[in-house]
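With compact mmCIF, C-alpha atoms and all ligand atoms inside, this is start04.txt:
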```txt
# COMPACT_ATOMS: atom_id res chain seq x y z
CA MET V 1 169.74 131.76 54.60
CA ALA V 2 169.51 134.31 51.81
CA GLU V 3 166.42 136.49 51.81
CA LEU V 4 165.51 138.24 48.61
CA HIS V 5 162.56 140.38 47.76
CA VAL V 6 160.46 141.13 44.70
CA GLN V 7 158.47 144.34 44.36
CA LEU V 8 156.44 144.91 41.22
CA ASN V 9 154.51 148.10 40.60
CA THR V 10 151.61 148.70 38.26
CA PRO V 11 150.27 147.24 36.08
CA MET V 12 150.97 144.14 38.18
CA ARG V 13 151.45 145.07 41.81
CA ALA V 14 153.04 142.19 43.64
CA GLU V 15 155.51 141.69 46.43
CA TYR V 16 156.83 138.38 47.59
CA PRO V 17 159.77 136.88 49.40
CA ILE V 18 162.11 134.25 47.96
CA HIS V 19 163.79 132.11 50.60
CA VAL V 20 166.99 130.35 49.51
CA SER V 21 168.51 127.97 52.04
CA HIS V 22 169.31 124.39 52.89
CA GLY V 23 166.19 123.11 54.63
CA ALA V 24 163.75 125.77 53.33
CA LEU V 25 161.15 123.10 52.57
CA GLY V 26 160.76 122.31 56.26
CA MET V 27 160.03 125.97 56.98
CA VAL V 28 157.17 126.48 54.54
CA HIS V 29 154.16 128.08 56.17
CA ILE V 30 151.24 129.92 54.65
CA PRO V 31 148.20 131.72 56.06
CA GLU V 32 145.64 129.68 54.09
CA SER V 33 144.02 126.82 55.98
CA ARG V 34 143.28 124.67 52.91
CA VAL V 35 146.05 123.90 50.48
CA ALA V 36 146.81 121.54 47.61
CA ILE V 37 150.41 120.53 46.97
CA VAL V 38 150.73 120.12 43.19
CA ALA V 39 153.79 117.93 42.82
CA ASP V 40 155.69 116.21 40.04
CA GLU V 41 155.07 112.51 40.83
CA ALA V 42 158.78 111.64 41.02
CA VAL V 43 159.57 114.64 43.21
CA ALA V 44 156.52 113.92 45.38
CA LEU V 45 157.98 110.57 46.43
CA LEU V 46 161.23 112.22 47.45
CA HIS V 47 160.18 115.52 48.98
CA ALA V 48 156.41 115.90 49.49
CA PRO V 49 156.45 114.44 53.05
CA THR V 50 158.79 117.22 54.27
CA LEU V 51 156.62 119.92 52.69
CA GLN V 52 153.37 118.39 53.88
CA ALA V 53 154.65 118.09 57.46
CA ALA V 54 155.75 121.73 57.45
CA LEU V 55 152.37 122.93 56.18
CA GLU V 56 150.46 120.77 58.65
CA LYS V 57 152.65 121.91 61.52
CA HIS V 58 151.39 125.41 60.82
CA GLY V 59 147.77 124.31 60.77
CA SER V 60 147.00 123.93 57.07
CA GLN V 61 144.84 121.07 55.86
CA VAL V 62 146.86 119.54 53.01
CA HIS V 63 145.84 117.58 49.89
CA LEU V 64 148.46 116.06 47.59
CA VAL V 65 147.77 116.33 43.85
CA THR V 66 150.43 114.61 41.74
CA VAL V 67 151.06 115.39 38.08
CA PRO V 68 153.27 113.65 35.49
CA THR V 69 157.01 114.33 35.67
CA GLY V 70 158.59 117.14 33.72
CA GLU V 71 157.18 118.51 30.49
CA ARG V 72 154.38 115.90 30.38
CA ALA V 73 152.61 117.95 33.07
CA LYS V 74 152.26 120.97 30.84
CA THR V 75 149.15 119.96 28.89
CA LEU V 76 145.57 121.19 28.83
CA GLU V 77 144.50 117.69 29.88
CA VAL V 78 146.62 117.71 33.05
CA LEU V 79 145.50 121.29 33.72
CA GLY V 80 141.87 120.14 33.49
CA ASN V 81 142.55 117.26 35.89
CA VAL V 82 144.10 119.59 38.46
CA LEU V 83 141.24 122.11 38.19
CA SER V 84 138.68 119.31 38.61
CA ARG V 85 140.49 118.02 41.68
CA LEU V 86 140.43 121.50 43.24
CA ALA V 87 136.70 121.78 42.51
CA GLN V 88 136.01 118.29 43.92
CA LEU V 89 137.92 119.21 47.07
CA GLY V 90 135.58 122.18 47.45
CA PHE V 91 138.40 124.71 47.21
CA THR V 92 137.34 128.34 47.56
CA ARG V 93 138.99 131.69 46.87
CA ASP V 94 140.84 131.53 50.16
CA SER V 95 142.34 128.11 49.45
CA ALA V 96 145.86 127.99 48.04
CA LEU V 97 148.16 125.88 45.93
CA VAL V 98 151.82 125.05 46.54
CA THR V 99 153.86 123.68 43.64
CA LEU V 100 156.67 121.19 44.27
CA GLY V 101 158.86 120.34 41.29
CA GLY V 102 160.85 121.86 38.47
CA GLY V 103 159.78 124.62 36.11
CA ALA V 104 157.28 122.36 34.36
CA THR V 105 155.37 121.81 37.60
CA SER V 106 155.40 125.47 38.63
CA ASP V 107 154.33 126.56 35.13
CA LEU V 108 151.38 124.15 35.23
CA GLY V 109 150.49 124.71 38.89
CA GLY V 110 150.80 128.47 38.62
CA TYR V 111 148.52 128.49 35.60
CA ALA V 112 145.98 126.32 37.43
CA ALA V 113 146.09 128.81 40.31
CA SER V 114 145.67 131.74 37.93
CA SER V 115 142.52 130.29 36.42
CA PHE V 116 140.78 128.47 39.29
CA LEU V 117 137.95 130.78 40.46
CA ARG V 118 139.72 133.46 38.36
CA GLY V 119 142.76 133.27 40.53
CA ILE V 120 143.80 131.85 43.90
CA ARG V 121 147.10 132.34 45.67
CA PHE V 122 149.99 130.03 44.95
CA TYR V 123 153.42 129.36 46.38
CA VAL V 124 156.42 127.78 44.70
CA CYS V 125 158.89 125.21 46.01
CA PRO V 126 161.31 124.79 43.08
CA THR V 127 163.29 121.54 43.06
CA THR V 128 165.62 122.05 40.08
CA LEU V 129 168.39 124.60 39.78
CA LEU V 130 166.70 125.97 36.66
CA ALA V 131 163.41 126.46 38.46
CA MET V 132 165.17 128.19 41.37
CA VAL V 133 167.12 130.73 39.33
CA ASP V 134 164.63 131.21 36.51
CA ALA V 135 161.14 129.68 36.33
CA SER V 136 159.96 130.37 39.88
CA VAL V 137 160.53 134.13 39.66
CA GLY V 138 158.49 136.54 37.58
CA GLY V 139 155.05 135.01 37.33
CA LYS V 140 155.07 133.50 33.86
CA THR V 141 152.85 130.42 34.00
CA GLY V 142 151.33 128.21 31.33
CA VAL V 143 151.09 124.99 29.35
CA ASN V 144 151.98 123.74 25.88
CA ILE V 145 149.57 122.90 23.06
CA PRO V 146 150.40 120.74 20.02
CA GLU V 147 151.01 123.91 18.01
CA GLY V 148 153.81 125.04 20.28
CA LYS V 149 155.46 125.36 23.66
CA ASN V 150 154.16 127.87 26.23
CA LEU V 151 151.48 129.11 23.84
CA VAL V 152 148.81 129.21 26.55
CA GLY V 153 149.38 130.92 29.86
CA ALA V 154 149.07 133.90 32.13
CA PHE V 155 151.13 136.21 34.28
CA HIS V 156 150.32 135.18 37.84
CA GLN V 157 152.83 136.01 40.56
CA PRO V 158 153.40 133.57 43.42
CA SER V 159 152.92 134.81 46.98
CA ALA V 160 156.25 133.32 48.16
CA VAL V 161 159.02 131.02 46.96
CA TRP V 162 161.00 128.53 49.08
CA ALA V 163 164.10 127.23 47.30
CA ASP V 164 165.50 124.38 49.40
CA LEU V 165 169.06 123.76 48.20
CA SER V 166 169.16 120.32 49.85
CA VAL V 167 166.63 118.93 47.35
CA LEU V 168 169.15 119.52 44.55
CA GLU V 169 171.14 116.57 45.91
CA THR V 170 168.54 114.16 44.48
CA LEU V 171 168.59 115.89 41.08
CA PRO V 172 170.56 114.03 38.36
CA ALA V 173 173.91 115.83 37.88
CA ARG V 174 173.16 116.42 34.21
CA THR V 175 169.87 118.15 35.07
CA PHE V 176 171.68 120.27 37.66
CA ARG V 177 174.15 121.40 34.95
CA GLU V 178 171.20 122.40 32.72
CA GLY V 179 170.24 124.90 35.40
CA ALA V 180 173.87 125.98 35.60
CA ALA V 181 173.49 127.32 32.03
CA GLU V 182 170.81 129.78 33.14
CA THR V 183 172.86 130.63 36.24
CA PHE V 184 175.93 131.33 34.08
CA LYS V 185 173.73 133.35 31.70
CA HIS V 186 172.57 135.53 34.60
CA GLY V 187 176.25 136.10 35.38
CA LEU V 188 177.04 137.11 31.80
CA LEU V 189 174.17 139.58 31.87
CA THR V 190 175.46 141.32 34.98
CA ASP V 191 178.53 140.16 36.82
CA GLY V 192 181.60 138.11 35.88
CA ALA V 193 182.01 136.89 39.47
CA LEU V 194 178.85 134.81 39.15
CA CYS V 195 180.23 133.23 35.95
CA ASP V 196 183.54 132.44 37.65
CA ALA V 197 181.73 130.89 40.62
CA VAL V 198 179.93 128.51 38.24
CA LEU V 199 183.15 127.58 36.46
CA GLU V 200 185.20 127.15 39.63
CA ALA V 201 185.73 123.60 40.85
CA GLY V 202 182.90 121.98 38.91
CA PHE V 203 179.85 123.69 40.42
CA ASN V 204 177.44 121.05 41.76
CA ALA V 205 174.69 120.45 44.32
CA ARG V 206 177.25 120.11 47.12
CA SER V 207 179.30 123.18 46.25
CA GLU V 208 180.18 125.32 49.23
CA LYS V 209 179.11 128.46 47.41
CA LEU V 210 175.77 127.03 46.28
CA GLU V 211 173.60 129.35 48.39
CA ARG V 212 175.51 132.48 47.35
CA VAL V 213 175.48 131.53 43.66
CA VAL V 214 171.77 130.64 43.60
CA ALA V 215 170.82 133.79 45.55
CA ASP V 216 172.91 135.99 43.24
CA ALA V 217 171.43 134.37 40.13
CA VAL V 218 167.90 134.80 41.51
CA GLN V 219 168.65 138.46 42.24
CA VAL V 220 169.58 139.00 38.59
CA LYS V 221 166.23 137.61 37.51
CA ILE V 222 164.42 139.72 40.15
CA ASP V 223 166.14 142.91 38.97
CA ILE V 224 165.24 142.31 35.34
CA VAL V 225 161.64 141.31 36.09
CA GLN V 226 161.17 144.34 38.33
CA ARG V 227 162.38 146.61 35.53
CA ASP V 228 160.16 144.97 32.94
CA PRO V 229 157.42 142.73 34.39
CA LEU V 230 155.55 142.18 31.12
CA GLU V 231 158.56 141.66 28.82
CA VAL V 232 158.23 144.74 26.69
CA GLY V 233 161.94 145.64 27.03
CA ASP V 234 164.88 144.44 29.14
CA ARG V 235 163.28 141.14 30.12
CA ALA V 236 164.16 139.99 26.60
CA PHE V 237 167.85 140.00 27.67
CA LEU V 238 167.07 136.77 29.52
CA ASN V 239 166.86 135.23 26.06
CA PHE V 240 170.64 135.51 25.70
CA GLY V 241 171.77 132.24 24.10
CA HIS V 242 168.18 131.18 23.47
CA THR V 243 167.86 132.01 19.76
CA LEU V 244 170.20 129.22 18.67
CA ALA V 245 169.06 127.12 21.65
CA HIS V 246 165.46 127.05 20.46
CA ALA V 247 166.67 126.17 16.94
CA LEU V 248 168.82 123.30 18.28
CA GLU V 249 165.95 122.00 20.41
CA ALA V 250 163.69 122.07 17.36
CA VAL V 251 166.10 120.38 14.93
CA THR V 252 167.02 117.68 17.47
CA GLN V 253 163.33 117.26 18.36
CA HIS V 254 164.19 118.02 21.98
CA GLN V 255 166.80 115.24 22.19
CA LEU V 256 169.12 118.02 23.35
CA PRO V 257 167.73 119.28 26.68
CA HIS V 258 167.00 122.99 27.05
CA GLY V 259 169.86 123.88 29.39
CA GLU V 260 172.39 122.17 27.12
CA ALA V 261 170.98 123.92 24.05
CA VAL V 262 171.43 127.19 25.98
CA GLY V 263 175.04 126.20 26.71
CA TYR V 264 175.71 125.91 22.96
CA GLY V 265 173.56 128.98 22.25
CA MET V 266 175.57 131.20 24.61
CA HIS V 267 178.78 130.16 22.87
CA PHE V 268 177.28 130.97 19.48
CA ALA V 269 176.11 134.37 20.77
CA ALA V 270 179.64 135.02 22.06
CA LEU V 271 181.03 134.17 18.59
CA ILE V 272 178.61 136.70 17.08
CA GLY V 273 179.82 139.31 19.59
CA LYS V 274 183.41 138.57 18.63
CA HIS V 275 182.56 139.04 14.92
CA LEU V 276 180.89 142.35 15.76
CA GLY V 277 184.06 143.56 17.49
CA TYR V 278 182.71 143.31 21.04
CA GLU V 279 184.69 141.95 24.00
CA ASP V 280 185.73 138.40 23.20
CA LEU V 281 183.81 136.20 25.66
CA THR V 282 184.24 132.98 23.69
CA ALA V 283 186.86 131.54 26.06
CA LYS V 284 184.38 131.89 28.93
CA THR V 285 181.42 130.38 27.07
CA ARG V 286 183.68 127.57 25.84
CA ALA V 287 184.85 126.95 29.41
CA PHE V 288 181.18 126.68 30.40
CA LEU V 289 180.61 123.99 27.75
CA ASN V 290 183.70 122.11 28.99
CA TYR V 291 182.14 122.13 32.45
CA GLN V 292 178.61 121.32 31.31
CA LYS V 293 179.51 118.45 28.93
CA PRO V 294 176.35 118.74 26.83
CA GLY V 295 175.20 115.92 24.55
CA ALA V 296 176.90 115.90 21.12
CA LEU V 297 175.25 117.83 18.33
CA PRO V 298 174.29 116.11 15.10
CA HIS V 299 176.16 117.53 12.09
CA LEU V 300 174.22 120.63 11.10
CA GLU V 301 174.56 123.12 8.26
CA PHE V 302 173.77 126.81 8.65
CA SER V 303 170.76 126.21 6.38
CA ASP V 304 169.45 123.65 8.91
CA VAL V 305 169.32 126.09 11.82
CA MET V 306 168.75 129.48 10.16
CA PRO V 307 165.03 128.96 9.41
CA PHE V 308 164.44 128.18 13.10
CA MET V 309 166.44 131.20 14.30
CA ALA V 310 164.57 133.43 11.88
CA ARG V 311 161.30 132.09 13.23
CA ASP V 312 162.37 132.48 16.84
CA LYS V 313 162.55 136.25 16.90
CA LYS V 314 161.29 138.80 14.43
CA ALA V 315 163.43 138.46 11.36
CA ASP V 316 163.46 140.47 8.17
CA SER V 317 165.90 141.22 5.39
CA GLY V 318 167.84 143.28 7.95
CA GLY V 319 168.66 140.13 9.90
CA VAL V 320 167.55 138.31 13.04
CA ARG V 321 166.88 140.00 16.40
CA PHE V 322 169.49 138.67 18.77
CA VAL V 323 170.65 139.37 22.32
CA THR V 324 174.37 140.16 22.14
CA LEU V 325 176.88 141.15 24.81
CA GLN V 326 179.19 144.08 24.24
CA ARG V 327 180.95 142.93 27.41
CA ILE V 328 179.88 141.13 30.59
CA GLY V 329 177.01 143.11 32.07
CA ALA V 330 176.22 145.00 28.85
CA PRO V 331 173.57 143.09 26.90
CA LYS V 332 171.96 144.56 23.84
CA LEU V 333 168.99 143.53 21.68
CA GLU V 334 169.91 144.15 18.08
CA ARG V 335 169.39 142.98 14.54
CA VAL V 336 172.25 140.77 13.43
CA ALA V 337 172.77 140.53 9.66
CA GLY V 338 172.56 137.13 7.98
CA ASN V 339 176.21 137.23 6.83
CA VAL V 340 177.42 137.82 10.42
CA LEU V 341 175.32 134.87 11.61
CA GLU V 342 176.82 132.72 8.86
CA GLU V 343 180.39 133.73 9.75
CA ALA V 344 179.75 132.97 13.43
CA TRP V 345 178.21 129.64 12.40
CA LYS V 346 181.37 128.74 10.43
CA ALA V 347 183.47 129.37 13.54
CA PHE V 348 180.99 127.38 15.65
CA ALA V 349 180.98 124.48 13.17
CA ALA V 350 184.79 124.44 13.04
CA GLU V 351 184.84 123.83 16.81
CA PHE V 352 182.29 121.06 16.91
CA TRP V 353 182.68 119.26 13.59
CA THR V 354 185.96 118.97 11.72
N1 LIG U 1 157.97 130.47 33.91
C1 LIG U 1 159.19 130.81 33.55
O1 LIG U 1 159.59 131.97 33.66
C2 LIG U 1 160.10 129.75 33.04
C3 LIG U 1 161.47 130.04 32.87
C4 LIG U 1 162.30 129.02 32.44
C5 LIG U 1 161.78 127.76 32.18
N2 LIG U 1 160.45 127.53 32.32
C6 LIG U 1 159.88 126.20 32.06
O2 LIG U 1 160.46 125.27 32.96
C7 LIG U 1 160.41 123.96 32.38
C8 LIG U 1 161.71 123.27 32.63
O3 LIG U 1 161.88 123.17 34.01
P1 LIG U 1 163.03 122.29 34.66
O4 LIG U 1 164.28 122.40 33.88
O5 LIG U 1 163.03 122.67 36.09
O6 LIG U 1 162.57 120.80 34.43
P2 LIG U 1 161.32 119.89 34.81
O7 LIG U 1 160.34 120.55 35.68
O8 LIG U 1 160.86 119.33 33.52
O9 LIG U 1 162.05 118.73 35.66
C9 LIG U 1 163.09 117.98 35.06
C10 LIG U 1 163.17 116.58 35.65
O10 LIG U 1 163.80 116.64 36.92
C11 LIG U 1 163.06 115.86 37.86
N3 LIG U 1 163.28 116.50 39.16
C12 LIG U 1 162.93 117.76 39.51
N4 LIG U 1 163.41 118.04 40.72
C13 LIG U 1 164.04 116.93 41.17
C14 LIG U 1 164.75 116.62 42.36
N5 LIG U 1 164.96 117.52 43.32
N6 LIG U 1 165.27 115.38 42.49
C15 LIG U 1 165.12 114.47 41.50
N7 LIG U 1 164.48 114.72 40.33
C16 LIG U 1 163.94 115.93 40.18
C17 LIG U 1 161.64 115.91 37.36
O11 LIG U 1 160.89 114.80 37.81
C18 LIG U 1 161.83 115.89 35.84
O12 LIG U 1 161.96 114.56 35.38
C19 LIG U 1 160.07 124.15 30.92
O13 LIG U 1 158.74 123.75 30.71
C20 LIG U 1 160.20 125.65 30.70
O14 LIG U 1 159.32 126.13 29.71
C21 LIG U 1 159.61 128.49 32.76
ZN ZN U 2 166.09 129.01 29.29
```

Entire entry expressed as structure tokens:
Amino acid sequence: MAELHVQLNTPMRAEYPIHVSHGALGMVHIPESRVAIVADEAVALLHAPTLQAALEKHGSQVHLVTVPTGERAKTLEVLGNVLSRLAQLGFTRDSALVTLGGGATSDLGGYAASSFLRGIRFYVCPTTLLAMVDASVGGKTGVNIPEGKNLVGAFHQPSAVWADLSVLETLPARTFREGAAETFKHGLLTDGALCDAVLEAGFNARSEKLERVVADAVQVKIDIVQRDPLEVGDRAFLNFGHTLAHALEAVTQHQLPHGEAVGYGMHFAALIGKHLGYEDLTAKTRAFLNYQKPGALPHLEFSDVMPFMARDKKADSGGVRFVTLQRIGAPKLERVAGNVLEEAWKAFAAEFWT
């Protein structure tokens, strides 16, 4: 069992534990006597009984509120349904909400908790690798609107997180490897050993080192969030690989899943670093893609992706703001000139389309 700890100071004081272990779901206990489990409907069938039994064992009265699977949960309509259910159940300020699912479920559930009665406590039980190492830490919650993803939301920190590694065994292998991209990214931002652990022996839900790797990747996120809770500085480093990733998701209309877009995006960012004369990390990011086996990219020109990258982060004639790595553990937010991006794109294109 790995025990980690978050401590945030003003303007958002918050402290909460993150439990990472096989079997964590069976150990969930909270002080509130009335609780709603907000669960992804597919995950609910698999794992809600374990969570519900644990909560009831500790005396909580439990209601199960299911929401659509994955991204379909992150709408204002589903948010409204959840809030209405809480009101109909007569929930008060001292009731609580526990989310059970991937990042989509915790984003929706956390946002519902932030707004119901102007804020009730919530707890997170992440069931994807991505949600464990990324979405469940740091208190960003929210939903999508037709105009864009994550455009509506709030910072609302959970009161505790229970990451049960056993639930990853029911996760499709491809979805697990999406989360491996964010895990590998956390390694690149801080520590090569974490990267190597992901690349070693085809990292999967049954890997011996799973607990160590997840706990280390969570700690990276904790450290960054503690330094910069509201994303005015270093928290932006977590966007490493995400500038091209968001462009690829947009041009493929989300046919390429997020974690796979990040896999490609990290390789592109490494190619930029190489062009800028930084440590050459392209062999590592390429090795990650060989492990991840992302879906093939459609043939794309630089002119297809550049408008989306320019939109992603503040761009001007001086270039696009990009997270680069001078070496492992040394990220930097800098403006990258258009001609450097184009050169890196040529190298990228030569690898994926001949
Ligand atoms: N708040 C943050 O800081 C933050 C950070 C990163 C990502 N996110 C958000 O997280 C979302 C993506 O989350 P995700 O990648 O966890 O995906 P997800 O929540 O969309 O879940 C992906 C799929 O996996 C299934 N699933 C989940 N757990 C399972 C399990 N144990 N067994 C079987 N199936 C399971 C779900 O039903 C769903 O179909 C995005 O909306 C993204 O914006 C938020
Ligand atoms: Zn991401």

Report task. Give the residue list for ligand ZN 2 (chain U) at 7 Å, counting only C-alpha atoms and all ligand atoms, as a list in words, sorted by chain and then by residue number. Result -> Glu182, His242, His258, Gly259 and Val262 of chain V

Could you write out the selected residues, including C-alpha atoms, as a PDB file, in the frame of the given file?
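Output saved as selection26.pdb:
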```pdb
ATOM      1  CA  GLU V 182     170.810 129.780  33.140  1.00  0.00           C
ATOM      2  CA  HIS V 242     168.180 131.180  23.470  1.00  0.00           C
ATOM      3  CA  HIS V 258     167.000 122.990  27.050  1.00  0.00           C
ATOM      4  CA  GLY V 259     169.860 123.880  29.390  1.00  0.00           C
ATOM      5  CA  VAL V 262     171.430 127.190  25.980  1.00  0.00           C
TER       6      VAL V 262
END
```

Query - Residues near Asn150 of chain V, cut-off 10 Å, only C-alpha atoms, skip fewer than 5 positions along chain, as a PyMOL selection string - result: chain V and resi 74-75+107+140-145

Requested in this report: Counting all atoms listed in the file, name the residues that have an atom within 8 Å of an atom of ligand LIG 1 (chain U); the answer should be given as an NGL selection string.
Outcome: :V and (40-43 or 46-47 or 69-72 or 74 or 101-107 or 126-132 or 134-143 or 149-150 or 167-172 or 175 or 178-179 or 258-259)

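Distances here use all atoms listed in the file; by that measure, the residue among V:Gly202, V:Pro298, V:Gly273, V:Pro49 closest to Leu248 of chain V is V:Pro298.
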
Query raised in the report: Got a sec: who's within 6 Å of Ala217 of chain V, counting all atoms listed in the file, leaving out chain neighbours fewer than 5 positions off, as a PyMOL selection string?
Result: chain V and resi 133+183+186

Expected file content for segment 224-245 of chain V, N, CA and C atoms, as an mmCIF file, in the first residue's frame:
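Done, and the output landed in out22.cif:
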```cif
data_model
loop_
_atom_site.group_PDB
_atom_site.id
_atom_site.type_symbol
_atom_site.label_atom_id
_atom_site.label_comp_id
_atom_site.auth_asym_id
_atom_site.auth_seq_id
_atom_site.Cartn_x
_atom_site.Cartn_y
_atom_site.Cartn_z
ATOM 1 N N ILE V 224 3.663 18.878 -8.617
ATOM 2 C CA ILE V 224 3.425 20.003 -9.526
ATOM 3 C C ILE V 224 2.204 20.803 -9.074
ATOM 4 N N VAL V 225 1.143 20.087 -8.685
ATOM 5 C CA VAL V 225 -0.087 20.764 -8.250
ATOM 6 C C VAL V 225 0.150 21.548 -6.953
ATOM 7 N N GLN V 226 0.967 20.987 -6.075
ATOM 8 C CA GLN V 226 1.258 21.716 -4.828
ATOM 9 C C GLN V 226 2.024 23.006 -5.111
ATOM 10 N N ARG V 227 2.926 22.943 -6.107
ATOM 11 C CA ARG V 227 3.688 24.151 -6.450
ATOM 12 C C ARG V 227 2.808 25.206 -7.097
ATOM 13 N N ASP V 228 1.797 24.748 -7.839
ATOM 14 C CA ASP V 228 1.032 25.674 -8.669
ATOM 15 C C ASP V 228 -0.423 25.219 -8.785
ATOM 16 N N PRO V 229 -1.195 25.352 -7.678
ATOM 17 C CA PRO V 229 -2.557 24.799 -7.669
ATOM 18 C C PRO V 229 -3.474 25.352 -8.755
ATOM 19 N N LEU V 230 -3.298 26.625 -9.118
ATOM 20 C CA LEU V 230 -4.255 27.244 -10.037
ATOM 21 C C LEU V 230 -3.733 27.371 -11.474
ATOM 22 N N GLU V 231 -2.638 26.657 -11.769
ATOM 23 C CA GLU V 231 -2.067 26.662 -13.120
ATOM 24 C C GLU V 231 -1.724 28.063 -13.627
ATOM 25 N N VAL V 232 -0.920 28.759 -12.829
ATOM 26 C CA VAL V 232 -0.412 30.033 -13.326
ATOM 27 C C VAL V 232 1.059 29.888 -13.732
ATOM 28 N N GLY V 233 1.654 28.727 -13.463
ATOM 29 C CA GLY V 233 3.076 28.536 -13.785
ATOM 30 C C GLY V 233 3.372 27.092 -14.142
ATOM 31 N N ASP V 234 4.106 26.407 -13.221
ATOM 32 C CA ASP V 234 4.638 25.069 -13.525
ATOM 33 C C ASP V 234 3.594 24.020 -13.901
ATOM 34 N N ARG V 235 2.350 24.214 -13.451
ATOM 35 C CA ARG V 235 1.354 23.184 -13.768
ATOM 36 C C ARG V 235 1.215 23.005 -15.276
ATOM 37 N N ALA V 236 1.567 24.058 -16.022
ATOM 38 C CA ALA V 236 1.504 23.976 -17.490
ATOM 39 C C ALA V 236 2.463 22.913 -18.039
ATOM 40 N N PHE V 237 3.503 22.532 -17.272
ATOM 41 C CA PHE V 237 4.421 21.489 -17.755
ATOM 42 C C PHE V 237 3.697 20.177 -18.025
ATOM 43 N N LEU V 238 2.576 19.982 -17.302
ATOM 44 C CA LEU V 238 1.799 18.750 -17.503
ATOM 45 C C LEU V 238 1.241 18.675 -18.921
ATOM 46 N N ASN V 239 1.303 19.806 -19.627
ATOM 47 C CA ASN V 239 0.848 19.811 -21.020
ATOM 48 C C ASN V 239 1.919 19.321 -21.987
ATOM 49 N N PHE V 240 3.031 18.802 -21.456
ATOM 50 C CA PHE V 240 4.049 18.260 -22.362
ATOM 51 C C PHE V 240 3.396 17.234 -23.298
ATOM 52 N N GLY V 241 3.633 17.389 -24.594
ATOM 53 C CA GLY V 241 3.065 16.461 -25.580
ATOM 54 C C GLY V 241 1.639 16.784 -25.971
ATOM 55 N N HIS V 242 1.014 17.726 -25.266
ATOM 56 C CA HIS V 242 -0.418 17.967 -25.472
ATOM 57 C C HIS V 242 -0.730 18.969 -26.575
ATOM 58 N N THR V 243 0.262 19.754 -27.005
ATOM 59 C CA THR V 243 -0.046 20.752 -28.043
ATOM 60 C C THR V 243 -0.358 20.044 -29.362
ATOM 61 N N LEU V 244 0.542 19.138 -29.785
ATOM 62 C CA LEU V 244 0.210 18.362 -30.987
ATOM 63 C C LEU V 244 -0.954 17.410 -30.699
ATOM 64 N N ALA V 245 -0.995 16.859 -29.483
ATOM 65 C CA ALA V 245 -2.068 15.900 -29.161
ATOM 66 C C ALA V 245 -3.453 16.519 -29.387
#
```
